[in-house]
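Notes follow once the structure below has been shown.
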Amino acid sequence: MDSIIARRLAIVTTTRCTLRCKLCSNFMPKFVKPADVPYADIVADVDHAFELFDRIEWLQFVGGEIFMNRDMADVYNYCLKYRGHFDKLVLMTNATILPNAKEIEALGKYGENCQIQISDYGELSHKMKETCMLYEKHGIPYIMKTYYGDAQHFGGWIDNSKLLKSNETTEQAHKRTLGCQQVKLKNMHCYRGQLNRCSQSCFMYASGFVKPNEGDFVDLNDASMSTEKKREIIENFYKYPRASCFYCVWSEMEKNVLPRFPAAEQLAGNDL
Ligand code: SF4
């Protein structure tokens, strides 16, 4: 079998977040009991990933808000054992909470091969100044994406929250989703041992709002399935649509026909 390279592999480490965004692309407000993923489960996902992939370009850890999980320094240190097998460690944050000293020390060990991606939500990102100063002080590379005012990154967010099922055939859905950004990026996402072809599959299934079809994801903890079989499923990830694709509008993004909304509009009270 040819070598398998993951361009983007995101491992979900928490479903807790400091914000409650109405159009959260990861459906975080829909999680009934948001929680951190235990350290042992995260490193099990890491081990399985490096068993299945010959190389990972971007190893990402995502939430929720990544700095809500305070065990992450140990995870970053643990990943150093695979340092020769991935290019870059990438984290995303909303600048509402700072990493702790242990996290900063661990991230510093990656030097230029670490990148913090900061979503700047204006007033909501109330720790923005301290965040930037902290990374500058410790020489940790970061980039910022602006999500407020009139010049929002990509014109703002799309609304993928309706989760209405399309009545397309599998062939029609496959054709449509070939143009999907997540497919083009091969943006695989893993949550508690389930490796999915994209973030939307991952979070639609994990939140319980869409039921996956048989074979939609790889169960990394299934010891009865061989590594070769799991690699075969990964190789077929983008060859047919998943159950999630029938509920998803991401593939329409390329056509520039989807309305854009201001990012990070907050839900009130217990609204979903
Ligand atoms: S259409 Fe949605 S569910 Fe399907 S691959 Fe794209 S992002 Fe994932």
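Each chain in the structure tokens gets a letter, A, B, ..., in the order shown, and its residues are numbered from 1; ligands are numbered from 1 in order too.
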Inset, instruction - Using DSSP on the backbone coordinates, identify the residues of range 51-238 of chain A assigned to helix (DSSP H, G or I); present them as a VMD selection string. - result: chain A and resid 51 to 52 66 to 68 72 to 85 101 to 108 111 to 113 122 to 124 128 to 138 153 to 155 170 to 177 181 to 185 199 to 206 227 to 235
Just to be explicit: take each residue in the selection above, keep C-alpha atoms, and write the result as a PDB file, in the first residue's frame.
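Writing the result to part_26.pdb gives the following:
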ATOM      1  CA  GLU A  51       0.579   4.212  13.562  1.00  0.00           C
ATOM      2  CA  LEU A  52      -1.761   4.850  10.617  1.00  0.00           C
ATOM      3  CA  ILE A  66      -8.014  24.713  23.320  1.00  0.00           C
ATOM      4  CA  PHE A  67      -6.733  26.438  26.473  1.00  0.00           C
ATOM      5  CA  MET A  68      -9.736  25.290  28.533  1.00  0.00           C
ATOM      6  CA  MET A  72      -2.307  20.036  27.226  1.00  0.00           C
ATOM      7  CA  ALA A  73       1.302  20.779  28.237  1.00  0.00           C
ATOM      8  CA  ASP A  74       1.743  17.054  28.885  1.00  0.00           C
ATOM      9  CA  VAL A  75       0.214  16.308  25.471  1.00  0.00           C
ATOM     10  CA  TYR A  76       2.582  18.701  23.648  1.00  0.00           C
ATOM     11  CA  ASN A  77       5.531  17.154  25.484  1.00  0.00           C
ATOM     12  CA  TYR A  78       4.283  13.670  24.619  1.00  0.00           C
ATOM     13  CA  CYS A  79       4.077  14.518  20.914  1.00  0.00           C
ATOM     14  CA  LEU A  80       7.784  15.356  20.861  1.00  0.00           C
ATOM     15  CA  LYS A  81       8.437  11.626  20.538  1.00  0.00           C
ATOM     16  CA  TYR A  82       6.907  11.805  17.039  1.00  0.00           C
ATOM     17  CA  ARG A  83       8.692  15.027  16.162  1.00  0.00           C
ATOM     18  CA  GLY A  84      10.296  13.587  13.023  1.00  0.00           C
ATOM     19  CA  HIS A  85       6.912  12.490  11.653  1.00  0.00           C
ATOM     20  CA  ALA A 101       3.371  28.537  32.029  1.00  0.00           C
ATOM     21  CA  LYS A 102       3.706  24.771  31.467  1.00  0.00           C
ATOM     22  CA  GLU A 103       1.949  25.042  28.109  1.00  0.00           C
ATOM     23  CA  ILE A 104       4.161  27.931  27.020  1.00  0.00           C
ATOM     24  CA  GLU A 105       7.294  25.995  27.995  1.00  0.00           C
ATOM     25  CA  ALA A 106       6.109  22.905  26.076  1.00  0.00           C
ATOM     26  CA  LEU A 107       5.112  24.904  22.981  1.00  0.00           C
ATOM     27  CA  GLY A 108       8.488  26.666  23.030  1.00  0.00           C
ATOM     28  CA  GLY A 111      10.426  26.566  17.930  1.00  0.00           C
ATOM     29  CA  GLU A 112       9.404  27.747  14.466  1.00  0.00           C
ATOM     30  CA  ASN A 113       7.422  24.557  13.925  1.00  0.00           C
ATOM     31  CA  GLY A 122     -12.887  42.153  18.753  1.00  0.00           C
ATOM     32  CA  GLU A 123     -14.298  42.884  22.208  1.00  0.00           C
ATOM     33  CA  LEU A 124     -15.037  39.212  22.829  1.00  0.00           C
ATOM     34  CA  MET A 128      -5.868  39.688  22.780  1.00  0.00           C
ATOM     35  CA  LYS A 129      -3.198  42.110  23.938  1.00  0.00           C
ATOM     36  CA  GLU A 130      -1.817  39.780  26.647  1.00  0.00           C
ATOM     37  CA  THR A 131      -2.003  36.842  24.225  1.00  0.00           C
ATOM     38  CA  CYS A 132       0.167  38.541  21.615  1.00  0.00           C
ATOM     39  CA  MET A 133       2.619  39.849  24.214  1.00  0.00           C
ATOM     40  CA  LEU A 134       2.996  36.375  25.694  1.00  0.00           C
ATOM     41  CA  TYR A 135       3.788  34.726  22.361  1.00  0.00           C
ATOM     42  CA  GLU A 136       6.163  37.497  21.394  1.00  0.00           C
ATOM     43  CA  LYS A 137       7.996  37.256  24.719  1.00  0.00           C
ATOM     44  CA  HIS A 138       8.506  33.502  24.291  1.00  0.00           C
ATOM     45  CA  HIS A 153     -11.837  37.017   7.270  1.00  0.00           C
ATOM     46  CA  PHE A 154     -13.653  35.511   4.250  1.00  0.00           C
ATOM     47  CA  GLY A 155     -16.448  38.035   4.779  1.00  0.00           C
ATOM     48  CA  THR A 170     -25.330   9.385  -3.341  1.00  0.00           C
ATOM     49  CA  GLU A 171     -23.877  10.193  -6.780  1.00  0.00           C
ATOM     50  CA  GLN A 172     -25.217  13.753  -6.691  1.00  0.00           C
ATOM     51  CA  ALA A 173     -23.902  14.292  -3.164  1.00  0.00           C
ATOM     52  CA  HIS A 174     -20.527  12.854  -4.133  1.00  0.00           C
ATOM     53  CA  LYS A 175     -20.268  15.191  -7.119  1.00  0.00           C
ATOM     54  CA  ARG A 176     -21.233  18.174  -4.965  1.00  0.00           C
ATOM     55  CA  THR A 177     -18.835  17.388  -2.146  1.00  0.00           C
ATOM     56  CA  GLN A 181     -12.939  22.828   1.021  1.00  0.00           C
ATOM     57  CA  GLN A 182     -12.694  20.197   3.728  1.00  0.00           C
ATOM     58  CA  VAL A 183     -12.241  17.529   1.072  1.00  0.00           C
ATOM     59  CA  LYS A 184      -9.647  19.562  -0.790  1.00  0.00           C
ATOM     60  CA  LEU A 185      -7.712  20.143   2.430  1.00  0.00           C
ATOM     61  CA  SER A 199     -14.586  18.524  10.894  1.00  0.00           C
ATOM     62  CA  GLN A 200     -18.267  18.546  10.011  1.00  0.00           C
ATOM     63  CA  SER A 201     -18.567  14.760  10.015  1.00  0.00           C
ATOM     64  CA  CYS A 202     -16.717  14.668  13.303  1.00  0.00           C
ATOM     65  CA  PHE A 203     -18.835  17.206  15.138  1.00  0.00           C
ATOM     66  CA  MET A 204     -22.212  16.314  13.609  1.00  0.00           C
ATOM     67  CA  TYR A 205     -21.733  12.734  14.821  1.00  0.00           C
ATOM     68  CA  ALA A 206     -20.111  13.620  18.145  1.00  0.00           C
ATOM     69  CA  THR A 227      -4.062  -1.490  10.704  1.00  0.00           C
ATOM     70  CA  GLU A 228      -4.186  -2.288   6.981  1.00  0.00           C
ATOM     71  CA  LYS A 229      -8.003  -2.261   7.008  1.00  0.00           C
ATOM     72  CA  LYS A 230      -8.042   1.075   8.847  1.00  0.00           C
ATOM     73  CA  ARG A 231      -5.616   2.534   6.322  1.00  0.00           C
ATOM     74  CA  GLU A 232      -7.858   1.273   3.540  1.00  0.00           C
ATOM     75  CA  ILE A 233     -10.847   3.129   5.025  1.00  0.00           C
ATOM     76  CA  ILE A 234      -8.739   6.300   5.224  1.00  0.00           C
ATOM     77  CA  GLU A 235      -7.688   5.890   1.598  1.00  0.00           C
TER      78      GLU A 235
END
Inset, instruction - Pick out each residue of range 74-242 of chain A that DSSP on the backbone tags as strand (DSSP E); I need them as a ChimeraX atom specification. - result: /A:86-93,114-120,142-146,187-191,194-196,218-219
Applying 8 Å and only C-alpha atoms, which residues near range 253-262 of chain A remain after dropping the ones on its own chain fewer than 6 positions away? List them as a PDB file with C-alpha atoms, in the first residue's frame.
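After the write, part-v1.pdb holds the following:
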ATOM      1  CA  TYR A 147     -13.481  38.373  12.679  1.00  0.00           C
ATOM      2  CA  TYR A 148     -15.080  41.661  13.589  1.00  0.00           C
ATOM      3  CA  GLN A 152     -13.911  39.971   8.419  1.00  0.00           C
ATOM      4  CA  GLY A 155     -16.448  38.035   4.779  1.00  0.00           C
ATOM      5  CA  GLY A 156     -17.616  36.365   8.018  1.00  0.00           C
ATOM      6  CA  TRP A 157     -19.128  32.989   8.820  1.00  0.00           C
ATOM      7  CA  ILE A 158     -21.594  30.770   6.988  1.00  0.00           C
ATOM      8  CA  ASP A 159     -24.668  29.215   8.596  1.00  0.00           C
ATOM      9  CA  GLY A 179     -15.548  20.682  -4.424  1.00  0.00           C
ATOM     10  CA  CYS A 180     -15.790  20.932  -0.636  1.00  0.00           C
ATOM     11  CA  GLN A 181     -12.939  22.828   1.021  1.00  0.00           C
TER      12      GLN A 181
END
